[in-house]
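So this one's structure.cif, mmCIF, C-alpha atoms and all ligand atoms:
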data_upload
#
loop_
_atom_site.label_atom_id
_atom_site.label_comp_id
_atom_site.auth_asym_id
_atom_site.auth_seq_id
_atom_site.Cartn_x
_atom_site.Cartn_y
_atom_site.Cartn_z
CA MET W 1 0.00 0.00 0.00
CA ALA W 2 2.70 2.49 1.11
CA GLN W 3 4.78 1.44 -1.90
CA LYS W 4 2.06 2.59 -4.30
CA THR W 5 0.48 5.56 -2.60
CA PHE W 6 2.95 7.17 -0.20
CA ARG W 7 4.24 10.62 -1.16
CA PRO W 8 6.70 12.13 1.32
CA GLN W 9 6.84 15.81 2.14
CA PRO W 10 10.34 17.29 1.65
CA SER W 11 10.55 17.96 5.40
CA ASP W 12 9.71 14.37 6.39
CA VAL W 13 12.22 12.56 8.57
CA PHE W 14 12.18 8.77 8.57
CA ILE W 15 13.13 6.83 11.67
CA CYS W 16 14.29 3.49 10.36
CA SER W 17 15.35 0.45 12.32
CA TYR W 18 15.43 -3.26 12.65
CA PRO W 19 13.04 -4.41 15.41
CA LYS W 20 14.41 -4.38 18.96
CA THR W 21 17.28 -2.00 18.32
CA GLY W 22 15.95 0.94 20.35
CA THR W 23 13.16 2.26 18.12
CA THR W 24 10.79 3.09 20.97
CA TRP W 25 13.42 5.23 22.67
CA LEU W 26 14.47 7.00 19.47
CA LYS W 27 10.85 7.73 18.56
CA ALA W 28 10.23 9.21 22.01
CA LEU W 29 13.32 11.40 21.81
CA ALA W 30 12.61 12.59 18.27
CA PHE W 31 8.97 13.32 19.15
CA ALA W 32 9.99 15.27 22.27
CA ILE W 33 12.54 17.28 20.27
CA VAL W 34 10.14 18.16 17.47
CA THR W 35 7.22 19.08 19.74
CA ARG W 36 9.13 20.83 22.53
CA GLU W 37 7.69 24.26 21.82
CA LYS W 38 4.18 22.92 22.03
CA PHE W 39 4.54 20.56 24.98
CA ASP W 40 6.79 20.35 28.00
CA GLU W 41 7.49 17.34 30.23
CA SER W 42 4.22 17.80 32.07
CA SER W 43 1.97 18.02 29.01
CA SER W 44 3.66 15.81 26.42
CA PRO W 45 1.51 13.17 24.69
CA LEU W 46 4.37 10.81 25.53
CA LEU W 47 2.99 10.68 29.07
CA THR W 48 -0.27 9.16 27.90
CA THR W 49 0.59 7.48 24.60
CA LEU W 50 3.11 4.80 23.66
CA PRO W 51 5.89 6.37 21.54
CA HIS W 52 4.74 4.15 18.65
CA GLY W 53 1.39 5.93 18.80
CA CYS W 54 3.11 9.34 18.68
CA VAL W 55 5.25 8.58 15.62
CA PRO W 56 3.28 6.63 12.99
CA TYR W 57 4.49 3.58 11.12
CA LEU W 58 4.81 3.74 7.36
CA GLU W 59 3.72 0.08 7.31
CA LYS W 60 0.25 0.69 8.72
CA ASP W 61 -0.49 4.28 9.72
CA LEU W 62 -0.82 5.99 6.33
CA LYS W 63 -3.93 7.88 7.37
CA GLN W 64 -2.22 9.30 10.46
CA ILE W 65 0.81 10.28 8.37
CA GLU W 66 -1.44 12.12 5.94
CA GLU W 67 -3.09 13.99 8.82
CA ASN W 68 0.34 14.79 10.26
CA HIS W 69 1.41 16.24 6.92
CA ASN W 70 -1.40 18.79 7.28
CA THR W 71 0.09 19.93 10.59
CA HIS W 72 3.71 19.79 9.31
CA PHE W 73 4.66 17.08 11.79
CA PRO W 74 7.65 15.46 10.05
CA LEU W 75 8.28 12.11 11.80
CA VAL W 76 7.49 8.77 10.22
CA SER W 77 8.94 5.43 11.30
CA THR W 78 9.50 2.11 9.62
CA HIS W 79 11.11 -1.30 10.03
CA PHE W 80 11.21 -1.76 6.23
CA PRO W 81 14.63 -2.62 4.83
CA TYR W 82 16.03 0.12 2.56
CA THR W 83 15.31 -1.99 -0.52
CA ALA W 84 11.63 -2.21 0.47
CA LEU W 85 11.13 1.54 1.04
CA PRO W 86 8.68 3.16 -1.38
CA ARG W 87 10.54 4.52 -4.44
CA SER W 88 9.11 7.94 -3.58
CA ILE W 89 11.25 7.97 -0.41
CA VAL W 90 14.40 6.55 -1.97
CA SER W 91 14.31 9.16 -4.72
CA SER W 92 13.57 12.00 -2.26
CA ASN W 93 16.03 14.09 -0.32
CA CYS W 94 14.33 13.27 2.96
CA LYS W 95 16.48 12.64 5.97
CA ILE W 96 16.70 9.23 7.58
CA VAL W 97 17.77 8.40 11.13
CA TYR W 98 18.83 4.79 11.57
CA ILE W 99 19.33 3.19 14.99
CA TYR W 100 21.30 -0.02 15.47
CA ARG W 101 22.42 -2.14 18.38
CA ASN W 102 24.69 -5.00 19.42
CA ILE W 103 23.31 -8.03 17.57
CA LYS W 104 23.44 -10.31 20.60
CA ASP W 105 21.20 -8.03 22.65
CA VAL W 106 18.88 -7.65 19.67
CA ILE W 107 18.53 -11.44 19.48
CA VAL W 108 17.70 -11.69 23.18
CA SER W 109 15.27 -8.78 23.04
CA TYR W 110 13.56 -10.26 19.96
CA TYR W 111 13.35 -13.67 21.62
CA HIS W 112 11.53 -12.28 24.65
CA TYR W 113 9.25 -10.11 22.55
CA ILE W 114 8.17 -12.98 20.29
CA ALA W 115 7.64 -15.32 23.25
CA LYS W 116 5.41 -12.76 24.99
CA TYR W 117 3.67 -11.87 21.75
CA CYS W 118 2.87 -15.55 21.14
CA LYS W 119 1.99 -15.95 24.83
CA VAL W 120 4.55 -18.73 25.26
CA SER W 121 6.48 -18.91 28.51
CA VAL W 122 10.25 -18.57 28.22
CA GLU W 123 10.61 -22.09 29.67
CA ASP W 124 8.68 -23.44 26.67
CA ALA W 125 10.61 -21.39 24.13
CA PRO W 126 14.19 -22.65 23.75
CA PHE W 127 16.60 -19.76 23.19
CA GLU W 128 18.65 -21.95 20.87
CA GLU W 129 15.77 -22.12 18.36
CA ALA W 130 15.39 -18.35 18.39
CA PHE W 131 19.14 -17.97 17.94
CA ASN W 132 19.23 -20.36 14.98
CA GLU W 133 16.36 -18.62 13.22
CA PHE W 134 17.96 -15.23 13.69
CA TYR W 135 21.31 -16.60 12.55
CA GLN W 136 19.67 -17.79 9.33
CA GLY W 137 18.15 -14.37 8.80
CA ILE W 138 14.60 -15.62 9.31
CA SER W 139 12.47 -12.62 10.26
CA TRP W 140 9.67 -10.65 8.64
CA CYS W 141 12.05 -7.84 7.73
CA GLY W 142 14.95 -9.98 6.60
CA SER W 143 18.31 -10.49 8.26
CA TYR W 144 19.63 -7.85 10.63
CA TRP W 145 22.95 -7.53 8.76
CA ASP W 146 21.27 -7.03 5.37
CA HIS W 147 18.98 -4.45 6.95
CA ILE W 148 21.78 -2.33 8.32
CA LEU W 149 23.99 -2.80 5.27
CA GLY W 150 21.15 -1.63 3.02
CA TYR W 151 20.99 1.72 4.83
CA TRP W 152 24.79 1.90 5.22
CA GLN W 153 25.37 1.46 1.51
CA ALA W 154 22.61 3.93 0.69
CA SER W 155 24.37 6.57 2.77
CA HIS W 156 27.83 5.82 1.38
CA GLU W 157 27.14 4.90 -2.22
CA ASP W 158 23.95 6.82 -3.04
CA GLY W 159 24.77 9.77 -0.78
CA HIS W 160 21.42 9.51 1.00
CA LYS W 161 21.33 11.69 4.15
CA ILE W 162 21.34 9.15 6.96
CA LEU W 163 22.31 9.65 10.59
CA PHE W 164 23.43 6.38 12.20
CA LEU W 165 22.97 6.17 15.94
CA LYS W 166 24.15 3.23 17.98
CA TYR W 167 21.98 2.29 20.96
CA GLU W 168 24.96 1.62 23.23
CA ASP W 169 26.58 4.97 22.33
CA MET W 170 23.31 6.77 22.96
CA LYS W 171 23.17 5.24 26.40
CA GLN W 172 26.75 6.10 27.15
CA ASP W 173 26.47 9.75 26.14
CA THR W 174 22.80 10.59 25.77
CA PRO W 175 23.15 14.42 25.72
CA SER W 176 25.56 14.37 22.73
CA SER W 177 23.35 11.91 20.86
CA VAL W 178 20.25 14.01 21.51
CA LYS W 179 22.01 17.15 20.30
CA ARG W 180 23.22 15.39 17.14
CA LEU W 181 19.73 14.05 16.53
CA ALA W 182 18.11 17.47 17.00
CA GLU W 183 20.59 19.15 14.67
CA PHE W 184 20.27 16.48 12.01
CA ILE W 185 16.49 16.55 11.90
CA GLY W 186 16.49 20.33 11.73
CA TYR W 187 15.41 21.20 15.28
CA PRO W 188 18.73 22.26 16.92
CA PHE W 189 18.77 23.44 20.52
CA SER W 190 19.51 27.11 21.13
CA ASN W 191 22.15 28.17 23.66
CA GLU W 192 19.36 29.30 25.92
CA GLU W 193 17.72 25.89 25.74
CA GLU W 194 21.02 24.19 26.48
CA ASN W 195 21.56 26.46 29.49
CA THR W 196 18.09 26.04 30.89
CA GLY W 197 18.08 22.26 31.01
CA VAL W 198 15.75 21.56 28.06
CA ILE W 199 17.96 18.70 26.83
CA GLU W 200 18.18 17.10 30.27
CA ASN W 201 14.41 17.33 30.70
CA ILE W 202 13.80 15.60 27.37
CA ILE W 203 16.27 12.86 28.26
CA LYS W 204 14.62 12.33 31.61
CA MET W 205 11.14 12.20 30.16
CA CYS W 206 12.20 9.66 27.50
CA SER W 207 14.28 7.52 29.84
CA PHE W 208 13.47 3.86 30.23
CA GLU W 209 12.83 4.44 33.93
CA ASN W 210 10.26 7.12 33.26
CA LEU W 211 8.49 5.68 30.21
CA SER W 212 8.32 2.11 31.48
CA ASN W 213 6.69 3.28 34.72
CA LEU W 214 3.93 5.31 33.12
CA GLU W 215 0.47 3.86 33.52
CA VAL W 216 -0.07 3.80 29.74
CA ASN W 217 3.06 1.78 29.19
CA LYS W 218 2.49 -0.56 32.14
CA ASN W 219 -1.13 -1.44 31.48
CA GLY W 220 -2.13 0.14 28.17
CA HIS W 221 -2.63 -1.35 24.73
CA HIS W 222 -0.97 -0.20 21.54
CA ARG W 223 -4.19 -0.95 19.64
CA PRO W 224 -7.19 -0.39 21.98
CA ASP W 225 -9.46 -1.62 19.16
CA ARG W 226 -7.61 -4.95 19.18
CA PRO W 227 -7.06 -6.03 22.81
CA ASP W 228 -5.57 -9.28 21.53
CA MET W 229 -2.68 -7.30 20.02
CA VAL W 230 0.54 -6.29 21.74
CA GLU W 231 0.41 -4.73 25.14
CA ASN W 232 2.51 -1.61 25.57
CA ARG W 233 4.62 -3.17 28.29
CA LEU W 234 6.14 -5.50 25.69
CA PHE W 235 8.16 -2.58 24.34
CA PHE W 236 9.86 -2.10 27.72
CA ARG W 237 11.77 -5.03 29.12
CA LYS W 238 15.18 -4.40 30.72
CA ALA W 239 17.06 -1.99 28.44
CA LYS W 240 20.27 -3.47 29.77
CA ASP W 241 23.51 -3.72 27.80
CA ASP W 242 25.12 -7.16 27.61
CA ASP W 243 22.01 -8.97 28.81
CA TRP W 244 22.98 -11.54 26.12
CA LYS W 245 25.67 -12.91 28.44
CA GLU W 246 22.91 -14.69 30.35
CA TYR W 247 21.80 -16.57 27.22
CA PHE W 248 24.66 -17.20 24.80
CA THR W 249 26.79 -20.35 24.86
CA ASP W 250 30.44 -20.13 23.78
CA GLU W 251 29.47 -21.80 20.53
CA MET W 252 26.80 -19.21 19.80
CA ILE W 253 29.24 -16.38 20.52
CA GLU W 254 31.78 -17.84 18.14
CA LYS W 255 29.20 -18.42 15.40
CA ILE W 256 27.66 -14.97 15.50
CA ASP W 257 31.00 -13.15 15.85
CA LYS W 258 32.33 -15.03 12.82
CA LEU W 259 29.24 -14.21 10.81
CA MET W 260 29.46 -10.51 11.71
CA ASP W 261 33.15 -10.46 10.74
CA GLN W 262 32.23 -11.89 7.35
CA LYS W 263 29.26 -9.65 6.71
CA LEU W 264 30.58 -6.35 8.02
CA SER W 265 34.32 -6.45 7.40
CA GLY W 266 35.54 -3.19 5.94
CA THR W 267 32.34 -1.28 6.71
CA GLY W 268 33.41 0.18 10.05
CA LEU W 269 30.21 -1.13 11.62
CA ILE W 270 30.46 -3.19 14.79
CA LEU W 271 27.46 -5.22 15.88
CA LYS W 272 29.17 -7.83 18.06
P1 LIG X 301 10.36 -2.34 18.52
O1 LIG X 301 11.18 -2.62 17.32
O2 LIG X 301 9.36 -3.43 18.79
O3 LIG X 301 9.81 -0.99 18.54
P2 LIG X 301 12.55 -1.44 20.07
O4 LIG X 301 12.01 -0.25 20.76
O5 LIG X 301 13.37 -1.21 18.85
O6 LIG X 301 11.37 -2.46 19.75
O7 LIG X 301 13.45 -2.28 21.08
C1 LIG X 301 13.00 -2.63 22.34
C2 LIG X 301 14.19 -2.54 23.27
O8 LIG X 301 14.43 -1.17 23.63
C3 LIG X 301 13.94 -3.31 24.55
O9 LIG X 301 15.22 -3.82 24.93
P3 LIG X 301 15.38 -5.10 25.90
O10 LIG X 301 14.48 -6.16 25.41
O11 LIG X 301 16.84 -5.46 25.78
O12 LIG X 301 15.03 -4.63 27.27
C4 LIG X 301 13.45 -2.19 25.46
O13 LIG X 301 13.57 -2.50 26.83
C5 LIG X 301 14.36 -1.05 25.05
N1 LIG X 301 13.81 0.26 25.38
C6 LIG X 301 12.51 0.65 25.35
N2 LIG X 301 12.39 1.92 25.74
C7 LIG X 301 13.64 2.37 26.04
C8 LIG X 301 14.16 3.61 26.52
N3 LIG X 301 13.36 4.63 26.78
N4 LIG X 301 15.48 3.71 26.72
C9 LIG X 301 16.31 2.67 26.45
N5 LIG X 301 15.88 1.48 26.01
C10 LIG X 301 14.56 1.31 25.80
#

Represent the structure from my file as structure tokens, please.
Ligand code: PAP
Amino acid sequence: MAQKTFRPQPSDVFICSYPKTGTTWLKALAFAIVTREKFDESSSPLLTTLPHGCVPYLEKDLKQIEENHNTHFPLVSTHFPYTALPRSIVSSNCKIVYIYRNIKDVIVSYYHYIAKYCKVSVEDAPFEEAFNEFYQGISWCGSYWDHILGYWQASHEDGHKILFLKYEDMKQDTPSSVKRLAEFIGYPFSNEEENTGVIENIIKMCSFENLSNLEVNKNGHHRPDRPDMVENRLFFRKAKDDDWKEYFTDEMIEKIDKLMDQKLSGTGLILK
């Protein structure tokens, strides 16, 4: 549907990612940055709506995107690989922000999400099976390495404007990442804003601690019309780096590290 009908506005900014790489956090931050003149931390829709409800998906929220275009709200998100983006986006000059994360933590995060989504207890869902599927690139949006390489090549070979943000780096130095993000998407912070704590307030509002403890994200539903669909709490698990160490055997570590060396050598990307 999006492939045929979607027409981006020149000011649109696409938030692109493979599932479980930090999309929810990036969407919250980008939304808070773009809407900061309209809302502060006590009135932001982020306090009552899952970030996925604030920034529509290209895959399924075309009507909301159209309405947003009328109000000049620029953010659109997608898990589509670069090769599956509508031609109208690929041939546009629109900016893209791409978030990526250590592959091992993505696998663990994906494993938990799918188990909860399918209402299977972790005891009945062997991690090894999830690992093997991921290792073979079996997922609805293709393999993780092809996904990131698609965007990487588009930025290096086609000169598409893409900001790459790494989840772990964002956690380590959130203020710098937020400033880079704001500048890139065309909403830079003024000196006055920097001096009056606007950046810190945005970071605090979008933090895992804050968002995961909001009533809407603890007990709400992403699709109130479909109570059988994902509950908001599924988007907030632990947000912990190196959680994979609890799950990976030495053999899995060796296999995935070898694969990443093969796939990403010479790119400068590190997903291990
Ligand atoms: P999605 O693709 O389904 O939207 P996505 O948001 O990309 O998922 O990834 C979810 C991960 O981000 C979860 O990681 P975990 O399973 O290792 O815990 C989730 O906890 C984490 N996450 C969600 N919100 C935040 C946040 N505000 N700050 C940091 N990490 C977050």

Between chain W and ligand LIG 301 (chain X), at 8 Å or less, what are the per-residue closest atom pairs and their distances in Å? Count all atoms listed in the file, order by chain and rising residue number, and return it as a tab-separated table.
residue	atom	partner	partner_atom	distance
W:Ser17	CA	X:LIG301	O5	7.0
W:Tyr18	CA	X:LIG301	O1	6.3
W:Pro19	CA	X:LIG301	O1	3.2
W:Lys20	CA	X:LIG301	O7	3.1
W:Thr21	CA	X:LIG301	O5	4.0
W:Gly22	CA	X:LIG301	O5	3.7
W:Thr23	CA	X:LIG301	O5	3.6
W:Thr24	CA	X:LIG301	O4	3.6
W:Trp25	CA	X:LIG301	N3	4.2
W:Leu26	CA	X:LIG301	O4	7.8
W:Ala28	CA	X:LIG301	N3	7.3
W:His52	CA	X:LIG301	O3	7.2
W:His79	CA	X:LIG301	O1	7.4
W:Asp105	CA	X:LIG301	O11	6.0
W:Val106	CA	X:LIG301	O11	6.8
W:Val108	CA	X:LIG301	O10	6.8
W:Ser109	CA	X:LIG301	O10	3.6
W:Tyr110	CA	X:LIG301	O10	6.9
W:His112	CA	X:LIG301	O10	6.8
W:Tyr113	CA	X:LIG301	O10	7.2
W:Tyr167	CA	X:LIG301	C9	7.9
W:Lys171	CA	X:LIG301	C9	7.3
W:Cys206	CA	X:LIG301	N3	5.2
W:Ser207	CA	X:LIG301	N3	4.3
W:Phe208	CA	X:LIG301	N3	3.5
W:Glu209	CA	X:LIG301	N3	7.2
W:Asn210	CA	X:LIG301	N3	7.6
W:Leu211	CA	X:LIG301	N3	6.0
W:Ser212	CA	X:LIG301	N2	7.0
W:Leu234	CA	X:LIG301	O2	7.9
W:Phe235	CA	X:LIG301	C1	5.2
W:Phe236	CA	X:LIG301	O13	3.8
W:Arg237	CA	X:LIG301	O12	3.8
W:Lys238	CA	X:LIG301	O12	3.5
W:Ala239	CA	X:LIG301	O12	3.5
W:Lys240	CA	X:LIG301	O11	5.6
W:Asp241	CA	X:LIG301	O11	7.2
W:Asp243	CA	X:LIG301	O11	6.9

Using all atoms listed in the file, which protein or nucleic acid residues come within 10 Å of W:Leu271? Drop anything in the same chain fewer than 5 positions from it, and give the result as a ChimeraX atom specification.
/W:100-106,144-145,148,166,256-257,260-261,264

Nearest residue to W:Glu251 out of W:Thr196, W:Asn213, W:Asn132, W:Asn232, using only C-alpha atoms?
W:Asn132

Taking all atoms listed in the file into account, name the residue in W:Ala130, W:Ile96, W:Ile202, W:Ala32 that is nearest to W:Pro45.
W:Ala32

Point-to-point distance in Å for atom CA of W:Ile114 and atom CA of W:Pro126:
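For atom CA of W:Pro126 relative to atom CA of W:Ile114, the distance reads 11.9 Å.
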
Extract, using all atoms listed in the file, all DNA, RNA and protein residues at most 9 Å from stretch 121-123 of chain W, discarding same-chain residues fewer than 5 positions from it, and format them as a PyMOL selection string.
chain W and resi 111-112+115-116

Stretch 16-123 of chain W residues near stretch 180-188 of chain W within 10 Å, closest pair each, using only C-alpha atoms, as CSV:
residue,atom,partner,partner_atom,distance
W:Leu26,CA,W:Leu181,CA,9.3
W:Leu29,CA,W:Leu181,CA,8.7
W:Ala30,CA,W:Ala182,CA,7.5
W:Ala32,CA,W:Ala182,CA,9.9
W:Ile33,CA,W:Ala182,CA,6.5
W:Val34,CA,W:Tyr187,CA,6.5
W:Thr35,CA,W:Tyr187,CA,9.6
W:Arg36,CA,W:Tyr187,CA,9.6
W:Pro74,CA,W:Ile185,CA,9.1
W:Leu75,CA,W:Ile185,CA,9.3
W:Cys94,CA,W:Ile185,CA,9.8
W:Lys95,CA,W:Ile185,CA,7.1
W:Ile96,CA,W:Ile185,CA,8.5
W:Val97,CA,W:Leu181,CA,8.1

Select all residues near (12.5, 23.6, 27.3) (cut-off 7 Å, inclusive, file coordinates), counting only C-alpha atoms, and output them as an MDAnalysis selection string.
chainID W and resid 36 40 193 197:198

For W:Lys119, which residue out of W:Ser265, W:Met229, W:Arg7, W:Lys38 is the nearest one, using all atoms listed in the file?
W:Met229

Between atom CA of W:Glu41 and atom CA of W:Glu194 lies a distance of 15.6 Å

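In terms of minimum interatomic distance to W:Phe248, W:Phe127 ranks closest within W:Tyr82, W:Phe127, W:Phe39, W:Phe14, counting only C-alpha atoms.
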
Which residues come within 8 Å of W:Val55, counting only C-alpha atoms, excluding same-chain residues fewer than 4 positions away, as a ChimeraX atom specification?
/W:27,31,51,75-77

Go through W:Gly53, W:Pro86, W:Pro81, W:Gly142 and flag the residue nearest W:Arg223, using only C-alpha atoms for the distances.
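Looking only at the distances to W:Arg223, the closest residue turns out to be W:Gly53.
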
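For the pair atom CA of W:Ile253 and atom CA of W:Phe134, the separation is 13.2 Å.
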
Counting all atoms listed in the file, write as a PyMOL selection string all protein and nucleic acid residues lying at most 7 Å from (7.9, -3.9, 10.3) in the file's frame.
chain W and resi 59+78-80+141

Would you pick out the contacts of W:Met1 at 10 Å or less, using all atoms listed in the file, so that residues sharing its chain but fewer than 2 positions from it are not included, and give the list as a list of chain:residue names?
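Final neighbour list, sorted by chain and number: W:Gln3, W:Lys4, W:Thr5, W:Phe6, W:Leu58, W:Glu59, W:Lys60, W:Leu62, W:Pro86.
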